[in-house]
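J.: My structure is in my_file.cif, and what it holds is mmCIF, C-alpha atoms:
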```cif
data_upload
loop_
_atom_site.label_atom_id
_atom_site.label_comp_id
_atom_site.auth_asym_id
_atom_site.auth_seq_id
_atom_site.Cartn_x
_atom_site.Cartn_y
_atom_site.Cartn_z
CA MET A 1 -20.75 24.58 -40.23
CA SER A 2 -20.98 24.76 -43.99
CA LYS A 3 -21.63 21.91 -46.38
CA TYR A 4 -18.08 22.11 -47.66
CA ASP A 5 -16.67 21.53 -44.17
CA ILE A 6 -18.80 18.45 -43.62
CA PHE A 7 -17.63 17.03 -46.96
CA PHE A 8 -14.03 17.71 -45.97
CA HIS A 9 -14.56 15.99 -42.61
CA LYS A 10 -15.96 12.91 -44.31
CA ILE A 11 -12.99 12.72 -46.68
CA SER A 12 -10.48 13.07 -43.86
CA LEU A 13 -12.33 10.47 -41.78
CA ILE A 14 -12.20 8.02 -44.70
CA ILE A 15 -8.49 8.66 -45.25
CA SER A 16 -7.57 8.16 -41.59
CA LEU A 17 -9.67 4.99 -41.33
CA ALA A 18 -8.00 3.63 -44.48
CA VAL A 19 -4.54 4.36 -43.07
CA LEU A 20 -5.47 2.53 -39.87
CA TRP A 21 -6.79 -0.44 -41.86
CA ILE A 22 -3.66 -0.72 -43.98
CA MET A 23 -1.50 -0.44 -40.86
CA LEU A 24 -3.32 -3.24 -39.05
CA SER A 25 -3.73 -5.71 -41.90
CA GLY A 26 -0.59 -7.12 -43.42
CA HIS A 27 -2.21 -8.42 -46.62
CA TYR A 28 -2.31 -6.54 -49.89
CA THR A 29 -4.17 -8.85 -52.28
CA PRO A 30 -6.90 -7.17 -54.38
CA LEU A 31 -9.74 -9.11 -52.72
CA LEU A 32 -8.74 -8.07 -49.18
CA LEU A 33 -8.05 -4.48 -50.23
CA SER A 34 -11.53 -4.18 -51.76
CA LEU A 35 -13.10 -5.69 -48.62
CA GLY A 36 -11.17 -3.17 -46.54
CA LEU A 37 -12.37 -0.29 -48.68
CA LEU A 38 -15.95 -1.56 -48.31
CA SER A 39 -15.67 -1.70 -44.50
CA VAL A 40 -14.14 1.78 -44.35
CA LEU A 41 -17.01 3.17 -46.42
CA ILE A 42 -19.61 1.42 -44.23
CA VAL A 43 -18.05 2.84 -41.05
CA ALA A 44 -17.94 6.33 -42.56
CA PHE A 45 -21.60 6.03 -43.64
CA ILE A 46 -22.71 4.86 -40.16
CA SER A 47 -20.80 7.63 -38.38
CA SER A 48 -22.28 10.28 -40.67
CA ARG A 49 -25.75 8.82 -40.07
CA MET A 50 -25.17 9.00 -36.29
CA ASN A 51 -24.38 12.74 -36.60
CA LEU A 52 -20.90 12.16 -35.23
CA ILE A 53 -19.38 14.47 -37.83
CA ILE A 54 -20.95 17.75 -36.70
CA PHE A 55 -18.82 17.74 -33.54
CA ASP A 56 -16.60 20.79 -33.92
CA GLN A 57 -13.43 18.88 -34.45
CA PRO A 58 -10.59 20.52 -36.35
CA ILE A 59 -10.58 19.85 -40.07
CA LEU A 60 -7.16 18.27 -40.20
CA GLN A 61 -6.89 15.13 -38.12
CA LEU A 62 -3.20 15.92 -37.67
CA TYR A 63 -4.22 18.42 -34.96
CA PHE A 64 -3.13 15.97 -32.27
CA ILE A 65 0.55 16.59 -33.05
CA LYS A 66 0.34 19.80 -31.02
CA PHE A 67 -0.51 17.80 -27.92
CA ILE A 68 2.46 15.42 -28.04
CA PRO A 69 4.76 17.47 -25.70
CA TYR A 70 1.81 17.76 -23.33
CA GLY A 71 1.43 13.97 -23.48
CA PHE A 72 4.95 13.38 -22.24
CA TRP A 73 4.38 15.82 -19.36
CA LEU A 74 1.09 14.05 -18.56
CA ILE A 75 2.79 10.63 -18.38
CA ILE A 76 5.19 11.94 -15.71
CA GLN A 77 2.25 13.38 -13.73
CA ILE A 78 0.43 10.02 -14.02
CA LEU A 79 3.44 8.13 -12.66
CA ARG A 80 3.81 10.57 -9.73
CA SER A 81 0.19 10.41 -8.65
CA ASN A 82 0.15 6.62 -9.18
CA ILE A 83 2.90 6.26 -6.60
CA ASP A 84 0.94 8.49 -4.20
CA VAL A 85 -2.29 6.49 -4.55
CA CYS A 86 -0.45 3.16 -4.27
CA ARG A 87 1.13 4.29 -1.00
CA ARG A 88 -2.29 5.32 0.33
CA ILE A 89 -3.77 1.91 -0.57
CA LEU A 90 -0.92 -0.08 0.96
CA ASN A 91 -0.99 1.98 4.17
CA PRO A 92 -2.86 -0.09 6.81
CA LYS A 93 -4.72 3.00 8.11
CA LEU A 94 -6.06 3.94 4.61
CA PRO A 95 -5.42 7.72 4.89
CA ILE A 96 -8.02 9.07 2.47
CA ASN A 97 -10.42 11.99 2.71
CA PRO A 98 -12.54 12.12 -0.44
CA GLN A 99 -14.09 15.43 -1.51
CA LEU A 100 -16.04 17.05 -4.33
CA VAL A 101 -14.69 20.32 -5.73
CA LYS A 102 -15.24 22.52 -8.78
CA VAL A 103 -12.37 23.44 -11.06
CA LYS A 104 -12.38 26.18 -13.68
CA SER A 105 -11.35 25.40 -17.25
CA THR A 106 -10.15 28.19 -19.54
CA GLN A 107 -10.28 26.31 -22.85
CA THR A 108 -12.55 27.55 -25.62
CA SER A 109 -13.09 24.60 -27.97
CA ASN A 110 -15.00 21.49 -26.99
CA LEU A 111 -12.15 19.20 -27.98
CA ALA A 112 -9.68 20.89 -25.63
CA LYS A 113 -12.23 20.71 -22.80
CA VAL A 114 -12.64 16.99 -23.42
CA ILE A 115 -8.87 16.56 -23.38
CA TYR A 116 -8.68 18.43 -20.07
CA ALA A 117 -11.45 16.39 -18.45
CA ASN A 118 -9.98 13.14 -19.74
CA SER A 119 -6.54 13.95 -18.42
CA ILE A 120 -8.04 14.79 -15.03
CA THR A 121 -9.69 11.37 -15.02
CA LEU A 122 -6.58 9.64 -16.32
CA THR A 123 -4.56 10.89 -13.36
CA PRO A 124 -5.32 8.52 -10.47
CA GLY A 125 -6.74 10.30 -7.44
CA THR A 126 -8.96 12.69 -9.39
CA ILE A 127 -12.06 11.95 -11.49
CA SER A 128 -14.06 14.48 -13.48
CA ILE A 129 -17.76 13.85 -12.91
CA ASP A 130 -19.61 16.68 -14.62
CA LEU A 131 -18.72 19.34 -17.17
CA ASP A 132 -20.94 22.33 -17.79
CA GLY A 133 -19.72 25.50 -19.44
CA SER A 134 -16.38 26.42 -17.95
CA GLU A 135 -16.59 24.43 -14.71
CA ILE A 136 -15.62 20.82 -14.13
CA GLU A 137 -16.85 18.95 -11.07
CA VAL A 138 -14.03 16.81 -9.72
CA HIS A 139 -14.09 14.01 -7.16
CA SER A 140 -10.74 13.69 -5.47
CA LEU A 141 -9.29 11.04 -3.19
CA SER A 142 -7.29 13.45 -1.02
CA GLU A 143 -6.58 17.15 -0.75
CA LYS A 144 -3.19 16.63 -2.47
CA GLY A 145 -4.81 16.08 -5.86
CA VAL A 146 -7.07 19.10 -5.34
CA ASP A 147 -4.06 21.29 -4.53
CA GLU A 148 -2.29 20.20 -7.71
CA LEU A 149 -5.38 20.95 -9.80
CA LYS A 150 -5.94 24.33 -8.14
CA THR A 151 -2.47 25.51 -9.15
CA GLY A 152 -3.74 25.33 -12.76
CA THR A 153 -0.58 24.00 -14.42
CA MET A 154 -2.40 21.35 -16.44
CA ASP A 155 -5.13 23.81 -17.46
CA LYS A 156 -2.55 26.34 -18.64
CA LYS A 157 -0.58 23.78 -20.64
CA ILE A 158 -3.68 22.64 -22.55
CA THR A 159 -4.79 26.23 -23.22
CA ASP A 160 -1.33 27.05 -24.57
CA ALA A 161 -1.28 23.98 -26.82
CA GLU A 162 -4.77 24.84 -28.08
CA ALA A 163 -4.04 28.49 -28.81
CA ASN A 164 -0.66 28.13 -30.49
CA PRO A 165 -1.29 27.67 -34.23
CA TYR A 166 2.28 26.74 -35.09
CA VAL A 167 3.49 23.79 -33.03
CA MET B 168 20.72 -7.31 -25.33
CA ASP B 169 20.48 -9.25 -22.10
CA VAL B 170 20.22 -6.07 -20.07
CA LEU B 171 17.24 -4.96 -22.16
CA ASN B 172 15.53 -8.31 -21.55
CA ILE B 173 16.05 -8.06 -17.80
CA VAL B 174 14.75 -4.47 -17.70
CA SER B 175 11.65 -5.39 -19.69
CA GLY B 176 11.04 -8.39 -17.39
CA VAL B 177 11.22 -6.10 -14.36
CA PHE B 178 8.77 -3.70 -16.03
CA ILE B 179 6.29 -6.49 -16.75
CA ILE B 180 6.48 -7.96 -13.25
CA VAL B 181 6.10 -4.55 -11.57
CA GLY B 182 3.14 -3.86 -13.84
CA SER B 183 1.38 -7.09 -12.91
CA LEU B 184 2.03 -6.42 -9.21
CA SER B 185 0.50 -2.95 -9.61
CA ILE B 186 -2.63 -4.62 -10.99
CA ILE B 187 -2.82 -6.63 -7.76
CA VAL B 188 -2.38 -3.40 -5.75
CA GLY B 189 -5.24 -1.78 -7.66
CA LEU B 190 -7.54 -4.74 -7.01
CA LEU B 191 -6.56 -4.65 -3.33
CA GLY B 192 -7.65 -1.01 -3.38
CA VAL B 193 -10.97 -2.00 -4.96
CA TYR B 194 -11.53 -4.38 -2.05
CA ARG B 195 -10.44 -1.95 0.69
CA MET B 196 -12.07 1.34 -0.37
CA PRO B 197 -15.24 2.33 1.50
CA ASP B 198 -17.54 3.46 -1.34
CA PHE B 199 -18.00 3.43 -5.11
CA PHE B 200 -16.31 6.70 -6.03
CA THR B 201 -13.13 5.88 -4.14
CA ARG B 202 -13.14 2.46 -5.80
CA LEU B 203 -12.95 4.23 -9.17
CA HIS B 204 -9.65 5.81 -8.11
CA ALA B 205 -8.20 2.41 -7.29
CA ALA B 206 -9.41 1.05 -10.63
CA SER B 207 -7.64 3.81 -12.52
CA ILE B 208 -4.31 2.50 -11.20
CA ILE B 209 -4.94 -0.71 -13.16
CA ASP B 210 -5.84 1.18 -16.30
CA THR B 211 -2.84 3.51 -16.28
CA LEU B 212 0.12 2.07 -14.36
CA GLY B 213 -0.57 -1.62 -15.04
CA ALA B 214 -1.28 -1.24 -18.74
CA MET B 215 1.54 1.25 -19.30
CA LEU B 216 4.21 -0.80 -17.55
CA ILE B 217 3.23 -4.16 -19.09
CA LEU B 218 2.81 -2.90 -22.66
CA PHE B 219 5.94 -0.74 -22.46
CA GLY B 220 7.91 -3.74 -21.18
CA LEU B 221 6.64 -5.84 -24.08
CA ILE B 222 7.56 -3.08 -26.57
CA MET B 223 11.04 -2.99 -25.06
CA HIS B 224 11.33 -6.77 -25.35
CA GLN B 225 10.15 -6.75 -28.96
CA GLY B 226 12.14 -3.87 -30.40
CA LEU B 227 10.91 -1.74 -33.28
CA SER B 228 8.64 -3.68 -35.63
CA MET B 229 5.03 -4.06 -36.77
CA ILE B 230 4.22 -5.94 -33.56
CA SER B 231 5.44 -3.12 -31.32
CA LEU B 232 3.35 -0.69 -33.37
CA LYS B 233 0.28 -2.81 -32.58
CA LEU B 234 1.25 -2.89 -28.90
CA PHE B 235 1.49 0.90 -28.96
CA LEU B 236 -1.96 1.10 -30.57
CA ILE B 237 -3.41 -1.12 -27.81
CA LEU B 238 -1.86 1.23 -25.22
CA VAL B 239 -3.30 4.32 -26.95
CA PHE B 240 -6.78 2.77 -27.15
CA ILE B 241 -6.68 1.77 -23.47
CA LEU B 242 -5.51 5.25 -22.42
CA ILE B 243 -8.29 6.93 -24.44
CA THR B 244 -11.21 4.64 -23.63
CA THR B 245 -10.80 3.88 -19.93
CA PRO B 246 -11.08 7.47 -18.60
CA THR B 247 -14.17 7.91 -20.77
CA ALA B 248 -15.72 4.79 -19.27
CA ALA B 249 -14.76 5.91 -15.75
CA HIS B 250 -16.33 9.33 -16.34
CA ALA B 251 -19.53 7.74 -17.66
CA LEU B 252 -19.67 5.40 -14.65
CA ALA B 253 -19.16 8.25 -12.17
CA LYS B 254 -21.72 10.47 -13.87
CA SER B 255 -24.45 7.85 -14.05
CA ALA B 256 -23.72 6.77 -10.46
CA LEU B 257 -24.16 10.37 -9.32
CA HIS B 258 -27.41 10.64 -11.30
CA GLY B 259 -28.50 7.30 -9.85
CA ASN B 260 -28.65 8.84 -6.36
CA LEU B 261 -25.41 7.33 -5.13
CA LYS B 262 -23.98 9.93 -2.77
CA PRO B 263 -20.21 10.01 -2.38
CA VAL B 264 -18.86 9.88 1.17
CA THR B 265 -16.99 13.06 1.99
CA ASP B 266 -14.43 13.96 4.59
CA ASP B 267 -16.83 14.07 7.55
CA ASP B 268 -18.16 10.54 7.18
CA CYS B 269 -14.99 8.48 7.14
CA SER B 270 -12.38 8.65 9.90
CA MET C 271 10.06 -15.27 -18.49
CA PHE C 272 6.42 -14.43 -19.21
CA GLU C 273 5.02 -17.25 -17.07
CA ILE C 274 5.16 -15.46 -13.71
CA PRO C 275 3.33 -12.27 -14.80
CA ALA C 276 0.79 -14.44 -16.68
CA PHE C 277 0.01 -16.31 -13.46
CA ILE C 278 -0.22 -13.06 -11.47
CA ILE C 279 -2.62 -11.65 -14.07
CA LEU C 280 -4.75 -14.81 -13.97
CA PHE C 281 -5.00 -14.37 -10.19
CA ALA C 282 -6.00 -10.73 -10.72
CA MET C 283 -8.72 -11.84 -13.16
CA MET C 284 -10.08 -14.19 -10.49
CA LEU C 285 -10.08 -11.35 -7.92
CA ALA C 286 -11.95 -9.10 -10.36
CA LEU C 287 -14.62 -11.75 -10.95
CA VAL C 288 -15.06 -12.27 -7.19
CA SER C 289 -15.47 -8.52 -6.69
CA ALA C 290 -18.07 -8.53 -9.49
CA ILE C 291 -20.02 -11.17 -7.58
CA ILE C 292 -19.89 -9.54 -4.14
CA GLY C 293 -20.38 -5.92 -5.35
CA ARG C 294 -23.26 -4.20 -3.53
CA THR C 295 -24.64 -1.84 -6.19
CA VAL C 296 -25.01 -2.21 -9.94
CA TYR C 297 -22.22 0.30 -10.53
CA ASP C 298 -19.75 -1.72 -8.46
CA LYS C 299 -20.50 -4.74 -10.62
CA ILE C 300 -20.09 -2.77 -13.86
CA LEU C 301 -16.78 -1.37 -12.58
CA ALA C 302 -15.56 -4.88 -11.74
CA VAL C 303 -16.50 -6.16 -15.20
CA ASN C 304 -14.68 -3.19 -16.74
CA ILE C 305 -11.55 -4.00 -14.72
CA PHE C 306 -11.90 -7.63 -15.79
CA GLY C 307 -11.95 -6.56 -19.44
CA THR C 308 -8.82 -4.41 -19.12
CA VAL C 309 -6.95 -7.18 -17.32
CA THR C 310 -8.09 -9.67 -19.97
CA VAL C 311 -6.65 -7.47 -22.73
CA LEU C 312 -3.29 -7.50 -20.96
CA PHE C 313 -3.54 -11.26 -20.45
CA ILE C 314 -4.27 -11.93 -24.14
CA THR C 315 -1.28 -9.78 -25.09
CA LEU C 316 1.01 -11.68 -22.71
CA PHE C 317 -0.42 -14.99 -23.91
CA GLY C 318 0.49 -14.15 -27.50
CA PHE C 319 4.06 -13.52 -26.45
CA LEU C 320 4.08 -16.70 -24.34
CA ASN C 321 3.10 -18.85 -27.32
CA LYS C 322 5.18 -16.79 -29.80
CA ARG C 323 2.06 -16.08 -31.85
CA PRO C 324 1.71 -12.33 -32.46
CA ASP C 325 -1.72 -12.84 -34.08
CA PHE C 326 -3.18 -12.60 -30.61
CA LEU C 327 -2.49 -8.85 -30.62
CA ASP C 328 -5.34 -8.28 -33.08
CA ILE C 329 -7.71 -10.09 -30.72
CA ALA C 330 -6.48 -7.93 -27.84
CA LEU C 331 -7.06 -4.78 -29.87
CA VAL C 332 -10.63 -5.80 -30.70
CA TYR C 333 -11.28 -6.86 -27.11
CA ALA C 334 -10.16 -3.45 -25.82
CA LEU C 335 -12.67 -1.70 -28.09
CA ILE C 336 -15.53 -4.12 -27.34
CA ASN C 337 -14.90 -3.73 -23.60
CA PHE C 338 -15.38 0.04 -23.85
CA ILE C 339 -18.49 -0.21 -26.02
CA SER C 340 -20.12 -2.81 -23.77
CA THR C 341 -19.55 -0.67 -20.68
CA ILE C 342 -21.13 2.36 -22.36
CA ALA C 343 -24.05 0.26 -23.65
CA ILE C 344 -24.81 -1.23 -20.23
CA LEU C 345 -24.62 2.21 -18.59
CA LYS C 346 -26.95 3.65 -21.20
CA PHE C 347 -29.37 0.78 -20.60
CA PHE C 348 -29.44 1.49 -16.86
CA GLU C 349 -29.76 5.23 -17.32
CA TYR C 350 -32.54 5.31 -19.93
CA GLY C 351 -33.95 1.78 -19.82
CA ASP C 352 -33.29 1.43 -23.53
CA ILE C 353 -30.17 1.16 -25.64
CA SER C 354 -31.51 2.55 -28.89
CA LYS C 355 -33.04 5.68 -27.36
CA GLY C 356 -31.37 8.81 -28.66
CA SER C 357 -30.51 11.65 -26.33
CA THR C 358 -32.58 14.66 -27.29
CA LYS C 359 -31.70 17.05 -24.50
CA LYS C 360 -28.38 18.85 -24.74
CA GLU C 361 -27.16 17.90 -21.29
CA GLU C 362 -27.83 14.21 -21.79
CA ALA C 363 -25.84 14.10 -24.99
CA ASP C 364 -22.46 13.57 -23.41
CA ILE C 365 -22.71 10.18 -21.76
#
```
Have the structure of the file written as structure tokens, please.
T.:
Amino acid sequence: MSKYDIFFHKISLIISLAVLWIMLSGHYTPLLLSLGLLSVLIVAFISSRMNLIIFDQPILQLYFIKFIPYGFWLIIQILRSNIDVCRRILNPKLPINPQLVKVKSTQTSNLAKVIYANSITLTPGTISIDLDGSEIEVHSLSEKGVDELKTGTMDKKITDAEANPYV
Amino acid sequence: MDVLNIVSGVFIIVGSLSIIVGLLGVYRMPDFFTRLHAASIIDTLGAMLILFGLIMHQGLSMISLKLFLILVFILITTPTAAHALAKSALHGNLKPVTDDDCS
Amino acid sequence: MFEIPAFIILFAMMLALVSAIIGRTVYDKILAVNIFGTVTVLFITLFGFLNKRPDFLDIALVYALINFISTIAILKFFEYGDISKGSTKKEEADI
């Protein structure tokens, strides 16, 4: 990553932090605005000192817009598997059979892999434990969650959202 | 307007009951990794239903924007914490029970 | 209208604390404290609406972030025995 890119990342980090600060505080007096600017600069300095900027994130922080349709689909999946896990818990016989499986991920960038692993964990019934290369180790509460992961719908949706440059 | 209030009240009450269901799961599950699954009900269904009910009760304003931000932060941070817990438990020689051990 | 869910959530907070006390391993206790933090965020939010003081939302926002950071810090302490130790190896870098 070139020096220019790192500079651009710092600027975009500062801008997004400032937007968040202005959104959360409702005061616009000069004293509070200067204090806010100071805190934004301190946070940006600390995160650049912690080497958090060399993560290969996209340059524009607006990248997340591509994942919004995926987010709505994910919420429906979360509600469905929530109902399944709630029924298993409330069943007096506790019908679970936990298992460890490996799932392939076809994403290329680190950010998309993190999104995939996080959405596996966010869905109740499956938890991603380890991620190396293109394989994710998943602990599942029952074979139903494993079957849904093995069909690869979630994987394909994230890969499509990652690859498509125009939303 | 009244219908919206009633619907949001139902959302909030169902959300708080789902928190109780998740904690019941934490008490009933046989080992640590299955307890994580029960805890993720609290983080997703409970938080989503309660905060969405409050947004519906509030209408569009600055306050509902803050409620939405709380929901986004919860939905981003809790799976990361669950993944870190599971990974360090597996490295800490805590073996998950598999299908053969239980029932 | 918000009283009943507030009482249910208080009961859930008590259950989470009890499960933190009786948890067998360290990880069970950390998980219970994490659940307690999430439930507390929801309780603070409801409490702000109960008292008609929306300032409580800022506290809930900060509490949600501190809850996450404290969980990660405690896990790092148990894994490496030190909070300030950096992860040098590639495979340790993602906790």
J.: Could you list the residues in chain C lying within 10 Å of chain B, using all atoms listed in the file, and format the result as a ChimeraX atom specification?
T.: /C:271-272,274-283,285-286,289,293-298,300-302,304-305,308-309,311-313,315-316,319,324-325,327-328,330-335,337-342,345-346,348-349,364-365
J.: Any chance you could export the current selection's C-alpha atoms as a compact mmCIF listing (two decimals), in the coordinates of the input?
T.:
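What ended up in result14.txt:
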```txt
# COMPACT_ATOMS: atom_id res chain seq x y z
CA MET C 271 10.06 -15.27 -18.49
CA PHE C 272 6.42 -14.43 -19.21
CA ILE C 274 5.16 -15.46 -13.71
CA PRO C 275 3.33 -12.27 -14.80
CA ALA C 276 0.79 -14.44 -16.68
CA PHE C 277 0.01 -16.31 -13.46
CA ILE C 278 -0.22 -13.06 -11.47
CA ILE C 279 -2.62 -11.65 -14.07
CA LEU C 280 -4.75 -14.81 -13.97
CA PHE C 281 -5.00 -14.37 -10.19
CA ALA C 282 -6.00 -10.73 -10.72
CA MET C 283 -8.72 -11.84 -13.16
CA LEU C 285 -10.08 -11.35 -7.92
CA ALA C 286 -11.95 -9.10 -10.36
CA SER C 289 -15.47 -8.52 -6.69
CA GLY C 293 -20.38 -5.92 -5.35
CA ARG C 294 -23.26 -4.20 -3.53
CA THR C 295 -24.64 -1.84 -6.19
CA VAL C 296 -25.01 -2.21 -9.94
CA TYR C 297 -22.22 0.30 -10.53
CA ASP C 298 -19.75 -1.72 -8.46
CA ILE C 300 -20.09 -2.77 -13.86
CA LEU C 301 -16.78 -1.37 -12.58
CA ALA C 302 -15.56 -4.88 -11.74
CA ASN C 304 -14.68 -3.19 -16.74
CA ILE C 305 -11.55 -4.00 -14.72
CA THR C 308 -8.82 -4.41 -19.12
CA VAL C 309 -6.95 -7.18 -17.32
CA VAL C 311 -6.65 -7.47 -22.73
CA LEU C 312 -3.29 -7.50 -20.96
CA PHE C 313 -3.54 -11.26 -20.45
CA THR C 315 -1.28 -9.78 -25.09
CA LEU C 316 1.01 -11.68 -22.71
CA PHE C 319 4.06 -13.52 -26.45
CA PRO C 324 1.71 -12.33 -32.46
CA ASP C 325 -1.72 -12.84 -34.08
CA LEU C 327 -2.49 -8.85 -30.62
CA ASP C 328 -5.34 -8.28 -33.08
CA ALA C 330 -6.48 -7.93 -27.84
CA LEU C 331 -7.06 -4.78 -29.87
CA VAL C 332 -10.63 -5.80 -30.70
CA TYR C 333 -11.28 -6.86 -27.11
CA ALA C 334 -10.16 -3.45 -25.82
CA LEU C 335 -12.67 -1.70 -28.09
CA ASN C 337 -14.90 -3.73 -23.60
CA PHE C 338 -15.38 0.04 -23.85
CA ILE C 339 -18.49 -0.21 -26.02
CA SER C 340 -20.12 -2.81 -23.77
CA THR C 341 -19.55 -0.67 -20.68
CA ILE C 342 -21.13 2.36 -22.36
CA LEU C 345 -24.62 2.21 -18.59
CA LYS C 346 -26.95 3.65 -21.20
CA PHE C 348 -29.44 1.49 -16.86
CA GLU C 349 -29.76 5.23 -17.32
CA ASP C 364 -22.46 13.57 -23.41
CA ILE C 365 -22.71 10.18 -21.76
```
J.: Given the file above and the PyMOL selection byres ((chain A and resi 16) around 12), which residues are selected, and can you give them as a CSV table (one decimal) with C-alpha atoms, in the coordinates of the input?
T.:
```csv
chain,number,residue,atom,x,y,z
A,9,HIS,CA,-14.6,16.0,-42.6
A,10,LYS,CA,-16.0,12.9,-44.3
A,11,ILE,CA,-13.0,12.7,-46.7
A,12,SER,CA,-10.5,13.1,-43.9
A,13,LEU,CA,-12.3,10.5,-41.8
A,14,ILE,CA,-12.2,8.0,-44.7
A,15,ILE,CA,-8.5,8.7,-45.2
A,17,LEU,CA,-9.7,5.0,-41.3
A,18,ALA,CA,-8.0,3.6,-44.5
A,19,VAL,CA,-4.5,4.4,-43.1
A,20,LEU,CA,-5.5,2.5,-39.9
A,21,TRP,CA,-6.8,-0.4,-41.9
A,22,ILE,CA,-3.7,-0.7,-44.0
A,23,MET,CA,-1.5,-0.4,-40.9
A,40,VAL,CA,-14.1,1.8,-44.4
A,41,LEU,CA,-17.0,3.2,-46.4
A,43,VAL,CA,-18.0,2.8,-41.0
A,44,ALA,CA,-17.9,6.3,-42.6
A,60,LEU,CA,-7.2,18.3,-40.2
A,61,GLN,CA,-6.9,15.1,-38.1
A,62,LEU,CA,-3.2,15.9,-37.7
```
J.: Can you check which residues of chain A have any atom within 9 Å of chain B? Use all atoms listed in the file and format it as a ChimeraX atom specification.
T.: /A:23-24,78-79,82,85-86,89-90,94-100,117-130,139-141
J.: Between A:Leu35, A:Ile46, A:Val114, A:Leu149, which residue has the minimum interatomic distance to chain C, considering all atoms listed in the file?
T.: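 Checking each of A:Leu35, A:Ile46, A:Val114, A:Leu149 against chain C, counting all atoms listed in the file, the winner is A:Val114.
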J.: Could you jot down the CA of Phe72 in chain A to CA of Ser228 in chain B separation for me, Å, one decimal place?
T.: 22.0 Å
J.: Could you please determine the separation between CA of Ala163 in chain A and CA of Phe67 in chain A in Å, to one decimal place?
T.: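 If I compute the distance from CA of Ala163 in chain A to CA of Phe67 in chain A, I get 11.3 Å.
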J.: Calculate how many Å separate CA of Phe326 in chain C from CA of Val177 in chain B, rounding to one decimal.
T.: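 Taking CA of Phe326 in chain C and CA of Val177 in chain B, their separation equals 22.7 Å.
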J.: With distances taken over all atoms listed in the file, which residue among C:Ala343, C:Ile336, C:Ile329, C:Ala290 lies nearest chain A?
T.: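 Checking each of C:Ala343, C:Ile336, C:Ile329, C:Ala290 against chain A, counting all atoms listed in the file, the winner is C:Ile329.
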J.: Using only C-alpha atoms, which of A:Thr159, A:Ser48, A:Asn91, A:Ser81 sits nearest Val146 in chain A?
T.: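 Once distances to Val146 in chain A are computed over only C-alpha atoms, the minimum belongs to A:Ser81.
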